[in-house]
Protein chains: 2
Amino acid sequence: MWQTLLALRRGVSTGRPPRGPARPLPPSPAPPEPPRDLAVPNGGWSAAMRRHYRRLLAMAAGGAWARLPSYRRARQHGAAVGGVTPPAQGTPPGDTRLFPRAIEGDGNGFEYAMFLNAAERRLLCLVQPGPYLEGHPGLTHGGAIATIIDSALGTCALAVAGPVVTANLSIDYLAPVPLGAVLLVEGRAERLEGRKAFLSCQVRDADGDTLHARATGLFIQPDPIKLRAQDGDRRQ
Amino acid sequence: MWQTLLALRRGVSTGRPPRGPARPLPPSPAPPEPPRDLAVPNGGWSAAMRRHYRRLLAMAAGGAWARLPSYRRARQHGAAVGGVTPPAQGTPPGDTRLFPRAIEGDGNGFEYAMFLNAAERRLLCLVQPGPYLEGHPGLTHGGAIATIIDSALGTCALAVAGPVVTANLSIDYLAPVPLGAVLLVEGRAERLEGRKAFLSCQVRDADGDTLHARATGLFIQPDPIKLRAQDGDRRQ
């Protein structure tokens, strides 16, 4: 993120061709396949998950809400929400994965789909925690619930306040979440103050009967002056 | 957890053989392999991770600190810390995984080893976050850091206060954590009040130069009366 912002500021991705003498072009490789959207039903989704997904799709057909696609790599996720797109400086080469999309196998890890209402600064995230997210036997790990909350609030903050980083999360765990449950997470940007975005979150079962967790999140746009100094340190 | 406590109370795992007429015994299957301890060096550990691990092992040789083994399944993890051991009622059949041990491949996900000082109510957790824990490009996801903190504090609370569930986590994210960094997480039970355990946490790079995050955690022993009522509801 920090490096990305600097790269944007320096105009690293200008799209201009490099200067130099003309050379014969190598044969064009096949264009890379577009990244696969993972926020769609698969064989691991339960009937209840599919039913709530169809309900949210119908809501989005009204125009105020938009379904957000979701990808395995962090920069594709950011681009989908209108955030950063160029390759970040300092990103390690090779295979990396967005943490909530890291676990192999349909239904084993996090299954989720997000819907954004930008005008109302609200985000809904439908989630089915799979059997690889275990904490206590049969129940979802507190860290997995924190991951869902950070992802939902971070995406909402990115959409309404631009590139931000998590500065604080405070989570009240109110009722245990069985593995395989279907949750509806609602995030909301309560207010923006300078570089700070204050968000709130509720995690309910998707039928609305149980409040499993509630949280607040503080997200901050990185300070450009500090960023420049840090980047200078890194290059020495 | 809730089900486990009730199962313990009801004596579900008595170890008594079932009654009935004698039948010819089927051929004995090979005994199951013991679970594999994952809190040991593997090909994904960096040189720095190995160096700090040796340092902590040397510290543990003094006797005040104990290295905790770590397993892929939740109930094996609990048993290793002296917590719950019998199979929990309500646990889904089939393959489940402890969330921080769910990602395949040495070095891809969470690599960690915990050391406990029970007398001082302190826990150290050496962690190397891998490339599948990405949030912003090149950096560890806030939910992955929350997962490390919840695991460290939950294990510390379990060791000093018995079976508990997470009730609140509040995390200040102070400096981004690059993928592949080596972190030393220190958890401490500050005080125990009735069924509540109040813990604090600091996440530093293992050389101690940078404080990446600090947190507080409230963990609670489940209320036996509520548990019994909930279990009754579930059985109707």
# chains A, B, ... in the order shown; residues from 1 in each chain; ligands from 1
>>> interface_residues(of="chain B", to="chain A", cutoff="7 Å", atoms="only C-alpha atoms", output="ChimeraX atom specification")
/B:1,74-75,88,90-92,96-99,102-103,131-138,141-144,146-147,150,166-174
>>> write_last_selection(atoms="N, CA, C and O atoms", output="tab-separated table (two decimals), in the first residue's frame")
chain	number	residue	atom	x	y	z
B	1	MET	N	-16.73	-25.78	22.14
B	1	MET	CA	-16.33	-25.47	23.52
B	1	MET	C	-17.51	-25.64	24.46
B	1	MET	O	-17.46	-26.38	25.43
B	74	ALA	N	-8.29	-28.67	16.22
B	74	ALA	CA	-8.54	-27.82	17.38
B	74	ALA	C	-8.44	-28.60	18.69
B	74	ALA	O	-7.85	-28.13	19.65
B	75	ARG	N	-8.99	-29.82	18.71
B	75	ARG	CA	-9.03	-30.51	20.00
B	75	ARG	C	-7.64	-30.99	20.41
B	75	ARG	O	-7.33	-31.08	21.60
B	88	ALA	N	-16.01	-33.12	21.06
B	88	ALA	CA	-17.12	-32.25	21.45
B	88	ALA	C	-18.40	-32.71	20.78
B	88	ALA	O	-18.39	-33.07	19.61
B	90	GLY	N	-21.73	-32.06	18.85
B	90	GLY	CA	-22.08	-30.98	17.92
B	90	GLY	C	-20.98	-30.65	16.94
B	90	GLY	O	-21.19	-29.87	16.03
B	91	THR	N	-19.79	-31.21	17.15
B	91	THR	CA	-18.71	-30.97	16.19
B	91	THR	C	-19.06	-31.65	14.86
B	91	THR	O	-19.45	-32.81	14.86
B	92	PRO	N	-18.96	-30.94	13.74
B	92	PRO	CA	-19.31	-31.58	12.48
B	92	PRO	C	-18.36	-32.73	12.19
B	92	PRO	O	-17.17	-32.65	12.51
B	96	THR	N	-11.93	-31.10	9.82
B	96	THR	CA	-11.90	-29.70	10.24
B	96	THR	C	-10.44	-29.37	10.51
B	96	THR	O	-9.61	-30.25	10.69
B	97	ARG	N	-10.13	-28.07	10.52
B	97	ARG	CA	-8.75	-27.66	10.81
B	97	ARG	C	-8.75	-26.44	11.71
B	97	ARG	O	-9.59	-25.56	11.56
B	98	LEU	N	-7.78	-26.40	12.60
B	98	LEU	CA	-7.55	-25.20	13.38
B	98	LEU	C	-7.17	-24.08	12.40
B	98	LEU	O	-6.24	-24.24	11.61
B	99	PHE	N	-7.89	-22.97	12.46
B	99	PHE	CA	-7.75	-21.94	11.44
B	99	PHE	C	-6.29	-21.53	11.16
B	99	PHE	O	-5.88	-21.48	9.99
B	102	ALA	N	-4.57	-24.00	8.73
B	102	ALA	CA	-5.40	-24.49	7.62
B	102	ALA	C	-4.74	-24.39	6.26
B	102	ALA	O	-5.12	-25.10	5.33
B	103	ILE	N	-3.76	-23.50	6.10
B	103	ILE	CA	-3.21	-23.24	4.76
B	103	ILE	C	-2.14	-24.28	4.44
B	103	ILE	O	-1.27	-24.57	5.26
B	131	PRO	N	3.35	-15.72	2.42
B	131	PRO	CA	2.80	-14.93	1.30
B	131	PRO	C	1.31	-15.14	1.05
B	131	PRO	O	0.73	-14.39	0.26
B	132	TYR	N	0.69	-16.11	1.71
B	132	TYR	CA	-0.75	-16.31	1.53
B	132	TYR	C	-1.57	-15.52	2.56
B	132	TYR	O	-2.79	-15.68	2.63
B	133	LEU	N	-0.89	-14.70	3.35
B	133	LEU	CA	-1.59	-13.90	4.37
B	133	LEU	C	-1.67	-12.44	3.95
B	133	LEU	O	-1.73	-11.54	4.78
B	134	GLU	N	-1.73	-12.20	2.63
B	134	GLU	CA	-1.60	-10.83	2.13
B	134	GLU	C	-2.87	-10.00	2.36
B	134	GLU	O	-3.99	-10.49	2.20
B	135	GLY	N	-2.67	-8.74	2.74
B	135	GLY	CA	-3.74	-7.76	2.77
B	135	GLY	C	-3.44	-6.75	1.67
B	135	GLY	O	-3.69	-7.02	0.51
B	136	HIS	N	-2.86	-5.61	2.01
B	136	HIS	CA	-2.32	-4.73	0.97
B	136	HIS	C	-1.12	-5.44	0.33
B	136	HIS	O	-0.45	-6.24	1.00
B	137	PRO	N	-0.84	-5.13	-0.94
B	137	PRO	CA	0.24	-5.85	-1.63
B	137	PRO	C	1.55	-5.84	-0.83
B	137	PRO	O	2.04	-4.79	-0.44
B	138	GLY	N	2.08	-7.02	-0.55
B	138	GLY	CA	3.35	-7.15	0.15
B	138	GLY	C	3.25	-7.11	1.67
B	138	GLY	O	4.24	-7.34	2.35
B	141	HIS	N	-2.18	-9.15	6.17
B	141	HIS	CA	-3.58	-8.74	6.37
B	141	HIS	C	-3.85	-8.45	7.85
B	141	HIS	O	-3.35	-9.16	8.72
B	142	GLY	N	-4.65	-7.42	8.10
B	142	GLY	CA	-5.02	-7.10	9.48
B	142	GLY	C	-5.72	-8.26	10.18
B	142	GLY	O	-5.56	-8.46	11.39
B	143	GLY	N	-6.48	-9.05	9.42
B	143	GLY	CA	-7.16	-10.21	10.00
B	143	GLY	C	-6.17	-11.30	10.38
B	143	GLY	O	-6.41	-12.05	11.35
B	144	ALA	N	-5.08	-11.41	9.65
B	144	ALA	CA	-4.05	-12.41	10.00
B	144	ALA	C	-3.35	-12.01	11.29
B	144	ALA	O	-3.06	-12.86	12.14
B	146	ALA	N	-4.74	-10.21	13.64
B	146	ALA	CA	-5.74	-10.47	14.68
B	146	ALA	C	-5.80	-11.95	15.03
B	146	ALA	O	-5.97	-12.32	16.20
B	147	THR	N	-5.61	-12.81	14.03
B	147	THR	CA	-5.63	-14.26	14.25
B	147	THR	C	-4.46	-14.69	15.13
B	147	THR	O	-4.61	-15.51	16.05
B	150	ASP	N	-5.29	-13.40	18.70
B	150	ASP	CA	-6.34	-14.19	19.34
B	150	ASP	C	-5.81	-15.56	19.74
B	150	ASP	O	-6.11	-16.06	20.82
B	166	THR	N	-13.24	-16.04	23.60
B	166	THR	CA	-12.89	-14.64	23.39
B	166	THR	C	-14.16	-13.78	23.54
B	166	THR	O	-15.18	-14.07	22.91
B	167	ALA	N	-14.09	-12.74	24.36
B	167	ALA	CA	-15.23	-11.84	24.52
B	167	ALA	C	-14.95	-10.48	23.87
B	167	ALA	O	-15.85	-9.85	23.33
B	168	ASN	N	-13.72	-10.01	23.95
B	168	ASN	CA	-13.35	-8.77	23.25
B	168	ASN	C	-11.88	-8.80	22.86
B	168	ASN	O	-11.03	-9.28	23.61
B	169	LEU	N	-11.62	-8.29	21.69
B	169	LEU	CA	-10.24	-8.01	21.24
B	169	LEU	C	-10.22	-6.56	20.77
B	169	LEU	O	-11.09	-6.14	19.99
B	170	SER	N	-9.24	-5.79	21.22
B	170	SER	CA	-9.05	-4.44	20.71
B	170	SER	C	-7.59	-4.30	20.28
B	170	SER	O	-6.68	-4.49	21.10
B	171	ILE	N	-7.40	-4.02	19.02
B	171	ILE	CA	-6.05	-4.06	18.43
B	171	ILE	C	-5.70	-2.71	17.82
B	171	ILE	O	-6.46	-2.17	17.02
B	172	ASP	N	-4.56	-2.15	18.23
B	172	ASP	CA	-4.00	-0.98	17.55
B	172	ASP	C	-2.92	-1.46	16.58
B	172	ASP	O	-1.93	-2.09	17.00
B	173	TYR	N	-3.13	-1.15	15.32
B	173	TYR	CA	-2.15	-1.50	14.27
B	173	TYR	C	-1.22	-0.29	14.12
B	173	TYR	O	-1.66	0.77	13.67
B	174	LEU	N	0.05	-0.45	14.48
B	174	LEU	CA	0.95	0.70	14.57
B	174	LEU	C	1.91	0.80	13.40
B	174	LEU	O	2.30	1.89	13.01
>>> select_by_dssp(residues="stretch 104-192 of chain A", states="strand (DSSP E)", output="compact mmCIF listing (two decimals) with N, CA, C and O atoms, in the first residue's frame")
# COMPACT_ATOMS: atom_id res chain seq x y z
N PHE A 110 -13.17 -19.33 3.74
CA PHE A 110 -14.15 -18.25 3.71
C PHE A 110 -14.88 -18.29 2.36
O PHE A 110 -14.24 -18.17 1.31
N GLU A 111 -16.18 -18.43 2.39
CA GLU A 111 -16.99 -18.17 1.20
C GLU A 111 -17.73 -16.87 1.47
O GLU A 111 -18.39 -16.73 2.51
N TYR A 112 -17.59 -15.91 0.57
CA TYR A 112 -18.24 -14.62 0.84
C TYR A 112 -18.48 -13.83 -0.44
O TYR A 112 -17.83 -14.07 -1.46
N ALA A 113 -19.46 -12.94 -0.36
CA ALA A 113 -19.76 -12.01 -1.44
C ALA A 113 -20.17 -10.68 -0.80
O ALA A 113 -20.93 -10.65 0.16
N MET A 114 -19.59 -9.59 -1.36
CA MET A 114 -19.85 -8.26 -0.79
C MET A 114 -20.73 -7.43 -1.71
O MET A 114 -20.65 -7.53 -2.93
N PHE A 115 -21.55 -6.60 -1.10
CA PHE A 115 -22.43 -5.68 -1.82
C PHE A 115 -22.24 -4.29 -1.22
O PHE A 115 -22.29 -4.14 0.01
N LEU A 116 -22.05 -3.30 -2.09
CA LEU A 116 -21.73 -1.95 -1.63
C LEU A 116 -22.84 -0.98 -2.01
O LEU A 116 -23.33 -0.99 -3.15
N ASN A 117 -23.20 -0.13 -1.06
CA ASN A 117 -24.07 1.01 -1.33
C ASN A 117 -23.23 2.26 -1.07
O ASN A 117 -23.11 2.71 0.08
N ARG A 122 -22.43 2.14 3.00
CA ARG A 122 -22.72 0.87 3.68
C ARG A 122 -22.25 -0.29 2.82
O ARG A 122 -22.26 -0.22 1.59
N LEU A 123 -21.85 -1.36 3.49
CA LEU A 123 -21.43 -2.57 2.81
C LEU A 123 -22.07 -3.78 3.50
O LEU A 123 -22.12 -3.82 4.74
N LEU A 124 -22.59 -4.70 2.71
CA LEU A 124 -23.09 -5.97 3.25
C LEU A 124 -22.18 -7.08 2.75
O LEU A 124 -21.80 -7.10 1.57
N CYS A 125 -21.82 -7.98 3.64
CA CYS A 125 -20.97 -9.11 3.25
C CYS A 125 -21.64 -10.40 3.74
O CYS A 125 -21.83 -10.59 4.94
N LEU A 126 -22.03 -11.23 2.78
CA LEU A 126 -22.62 -12.53 3.08
C LEU A 126 -21.47 -13.53 3.23
O LEU A 126 -20.60 -13.60 2.35
N VAL A 127 -21.45 -14.26 4.32
CA VAL A 127 -20.29 -15.13 4.62
C VAL A 127 -20.74 -16.50 5.09
O VAL A 127 -21.66 -16.61 5.90
N GLN A 128 -20.05 -17.52 4.61
CA GLN A 128 -20.22 -18.88 5.12
C GLN A 128 -18.85 -19.39 5.57
O GLN A 128 -18.00 -19.72 4.75
N PRO A 129 -18.60 -19.41 6.89
CA PRO A 129 -17.29 -19.90 7.37
C PRO A 129 -17.22 -21.42 7.30
O PRO A 129 -18.09 -22.10 7.83
N VAL A 165 -5.34 2.26 5.61
CA VAL A 165 -4.85 1.09 6.35
C VAL A 165 -5.62 0.99 7.67
O VAL A 165 -6.10 2.00 8.19
N THR A 166 -5.71 -0.24 8.20
CA THR A 166 -6.39 -0.44 9.49
C THR A 166 -5.53 0.14 10.60
O THR A 166 -4.35 -0.17 10.69
N ALA A 167 -6.15 0.99 11.44
CA ALA A 167 -5.43 1.55 12.59
C ALA A 167 -5.92 0.95 13.90
O ALA A 167 -5.14 0.75 14.83
N ASN A 168 -7.21 0.67 14.00
CA ASN A 168 -7.75 -0.01 15.19
C ASN A 168 -8.96 -0.84 14.82
O ASN A 168 -9.78 -0.43 14.00
N LEU A 169 -9.03 -1.99 15.42
CA LEU A 169 -10.25 -2.82 15.39
C LEU A 169 -10.58 -3.17 16.83
O LEU A 169 -9.70 -3.61 17.58
N SER A 170 -11.85 -2.99 17.22
CA SER A 170 -12.30 -3.45 18.54
C SER A 170 -13.55 -4.28 18.34
O SER A 170 -14.54 -3.80 17.77
N ILE A 171 -13.48 -5.52 18.75
CA ILE A 171 -14.53 -6.50 18.45
C ILE A 171 -15.10 -7.08 19.73
O ILE A 171 -14.35 -7.57 20.58
N ASP A 172 -16.43 -7.01 19.88
CA ASP A 172 -17.12 -7.73 20.95
C ASP A 172 -17.68 -9.02 20.36
O ASP A 172 -18.50 -8.97 19.43
N TYR A 173 -17.24 -10.14 20.91
CA TYR A 173 -17.75 -11.45 20.48
C TYR A 173 -18.92 -11.80 21.39
O TYR A 173 -18.73 -11.99 22.60
N LEU A 183 -23.72 -15.97 7.63
CA LEU A 183 -23.68 -14.69 8.35
C LEU A 183 -23.92 -13.54 7.39
O LEU A 183 -23.54 -13.60 6.21
N LEU A 184 -24.51 -12.48 7.90
CA LEU A 184 -24.59 -11.24 7.14
C LEU A 184 -23.89 -10.17 7.96
O LEU A 184 -24.31 -9.84 9.08
N VAL A 185 -22.80 -9.66 7.41
CA VAL A 185 -21.98 -8.65 8.08
C VAL A 185 -22.36 -7.30 7.48
O VAL A 185 -22.36 -7.14 6.26
N GLU A 186 -22.71 -6.35 8.34
CA GLU A 186 -23.01 -5.02 7.84
C GLU A 186 -21.96 -4.04 8.35
O GLU A 186 -21.76 -3.90 9.55
N GLY A 187 -21.29 -3.39 7.40
CA GLY A 187 -20.30 -2.35 7.73
C GLY A 187 -20.83 -1.01 7.30
O GLY A 187 -21.56 -0.91 6.31
N ARG A 188 -20.43 0.02 8.03
CA ARG A 188 -20.96 1.35 7.74
C ARG A 188 -19.89 2.37 8.12
O ARG A 188 -19.30 2.28 9.19
N ALA A 189 -19.62 3.30 7.20
CA ALA A 189 -18.71 4.41 7.53
C ALA A 189 -19.52 5.46 8.28
O ALA A 189 -20.41 6.09 7.70
N GLU A 190 -19.24 5.60 9.57
CA GLU A 190 -20.04 6.51 10.40
C GLU A 190 -19.65 7.97 10.14
O GLU A 190 -20.50 8.84 10.06
N ARG A 191 -18.34 8.22 10.05
CA ARG A 191 -17.91 9.58 9.74
C ARG A 191 -16.48 9.58 9.23
O ARG A 191 -15.69 8.66 9.51
N LEU A 192 -16.15 10.63 8.46
CA LEU A 192 -14.80 10.85 7.93
C LEU A 192 -14.29 12.15 8.54
O LEU A 192 -14.98 13.17 8.51
>>> residues_around(residues="B:Arg36", least_positions_apart="6", cutoff="9 Å", atoms="only C-alpha atoms", output="number ranges by chain")
B: 69-72
>>> write_last_selection(atoms="N, CA and C atoms", output="PDB file, in the first residue's frame")
ATOM      1  N   PRO B  69       3.623 -27.777  21.832  1.00  0.00           N
ATOM      2  CA  PRO B  69       3.430 -28.340  20.490  1.00  0.00           C
ATOM      3  C   PRO B  69       2.171 -27.737  19.861  1.00  0.00           C
ATOM      4  N   SER B  70       2.023 -27.911  18.564  1.00  0.00           N
ATOM      5  CA  SER B  70       0.880 -27.327  17.861  1.00  0.00           C
ATOM      6  C   SER B  70       0.412 -28.301  16.793  1.00  0.00           C
ATOM      7  N   TYR B  71      -0.904 -28.439  16.659  1.00  0.00           N
ATOM      8  CA  TYR B  71      -1.465 -29.450  15.773  1.00  0.00           C
ATOM      9  C   TYR B  71      -2.472 -28.841  14.818  1.00  0.00           C
ATOM     10  N   ARG B  72      -2.847 -29.661  13.843  1.00  0.00           N
ATOM     11  CA  ARG B  72      -3.777 -29.175  12.820  1.00  0.00           C
ATOM     12  C   ARG B  72      -5.221 -29.135  13.311  1.00  0.00           C
TER      13      ARG B  72
END
>>> select_by_dssp(residues="stretch 43-191 of chain B", states="alpha helix (DSSP H)", output="ChimeraX atom specification")
/B:47-60,74-80,142-161
>>> write_last_selection(atoms="C-alpha atoms", output="mmCIF file, in the first residue's frame")
data_model
loop_
_atom_site.group_PDB
_atom_site.id
_atom_site.type_symbol
_atom_site.label_atom_id
_atom_site.label_comp_id
_atom_site.auth_asym_id
_atom_site.auth_seq_id
_atom_site.Cartn_x
_atom_site.Cartn_y
_atom_site.Cartn_z
ATOM 1 C CA ALA B 47 17.188 -18.253 8.669
ATOM 2 C CA ALA B 48 16.007 -15.490 11.013
ATOM 3 C CA MET B 49 13.006 -17.586 12.130
ATOM 4 C CA ARG B 50 15.296 -20.534 12.899
ATOM 5 C CA ARG B 51 17.766 -18.343 14.785
ATOM 6 C CA HIS B 52 15.063 -16.900 17.049
ATOM 7 C CA TYR B 53 13.539 -20.359 17.554
ATOM 8 C CA ARG B 54 16.905 -21.707 18.774
ATOM 9 C CA ARG B 55 17.176 -18.730 21.130
ATOM 10 C CA LEU B 56 13.740 -19.475 22.612
ATOM 11 C CA LEU B 57 14.527 -23.204 22.900
ATOM 12 C CA ALA B 58 17.677 -22.311 24.841
ATOM 13 C CA MET B 59 15.581 -20.090 27.109
ATOM 14 C CA ALA B 60 13.115 -22.966 27.634
ATOM 15 C CA ALA B 74 -8.542 -27.822 17.378
ATOM 16 C CA ARG B 75 -9.029 -30.507 20.002
ATOM 17 C CA GLN B 76 -5.395 -31.642 19.779
ATOM 18 C CA HIS B 77 -4.299 -28.041 20.300
ATOM 19 C CA GLY B 78 -6.520 -27.697 23.372
ATOM 20 C CA ALA B 79 -5.233 -30.947 24.832
ATOM 21 C CA ALA B 80 -1.623 -29.815 24.403
ATOM 22 C CA GLY B 142 -5.022 -7.098 9.484
ATOM 23 C CA GLY B 143 -7.156 -10.206 10.004
ATOM 24 C CA ALA B 144 -4.051 -12.409 9.997
ATOM 25 C CA ILE B 145 -2.483 -10.254 12.706
ATOM 26 C CA ALA B 146 -5.744 -10.467 14.676
ATOM 27 C CA THR B 147 -5.630 -14.255 14.253
ATOM 28 C CA ILE B 148 -2.115 -14.420 15.685
ATOM 29 C CA ILE B 149 -3.136 -12.228 18.634
ATOM 30 C CA ASP B 150 -6.345 -14.186 19.344
ATOM 31 C CA SER B 151 -4.417 -17.475 19.186
ATOM 32 C CA ALA B 152 -1.632 -16.276 21.474
ATOM 33 C CA LEU B 153 -3.922 -14.664 24.048
ATOM 34 C CA GLY B 154 -6.480 -17.483 23.885
ATOM 35 C CA THR B 155 -3.750 -20.074 24.514
ATOM 36 C CA CYS B 156 -2.327 -18.009 27.399
ATOM 37 C CA ALA B 157 -5.820 -17.604 28.915
ATOM 38 C CA LEU B 158 -6.556 -21.317 28.495
ATOM 39 C CA ALA B 159 -3.311 -22.181 30.259
ATOM 40 C CA VAL B 160 -3.873 -19.887 33.251
ATOM 41 C CA ALA B 161 -7.701 -19.718 33.550
#
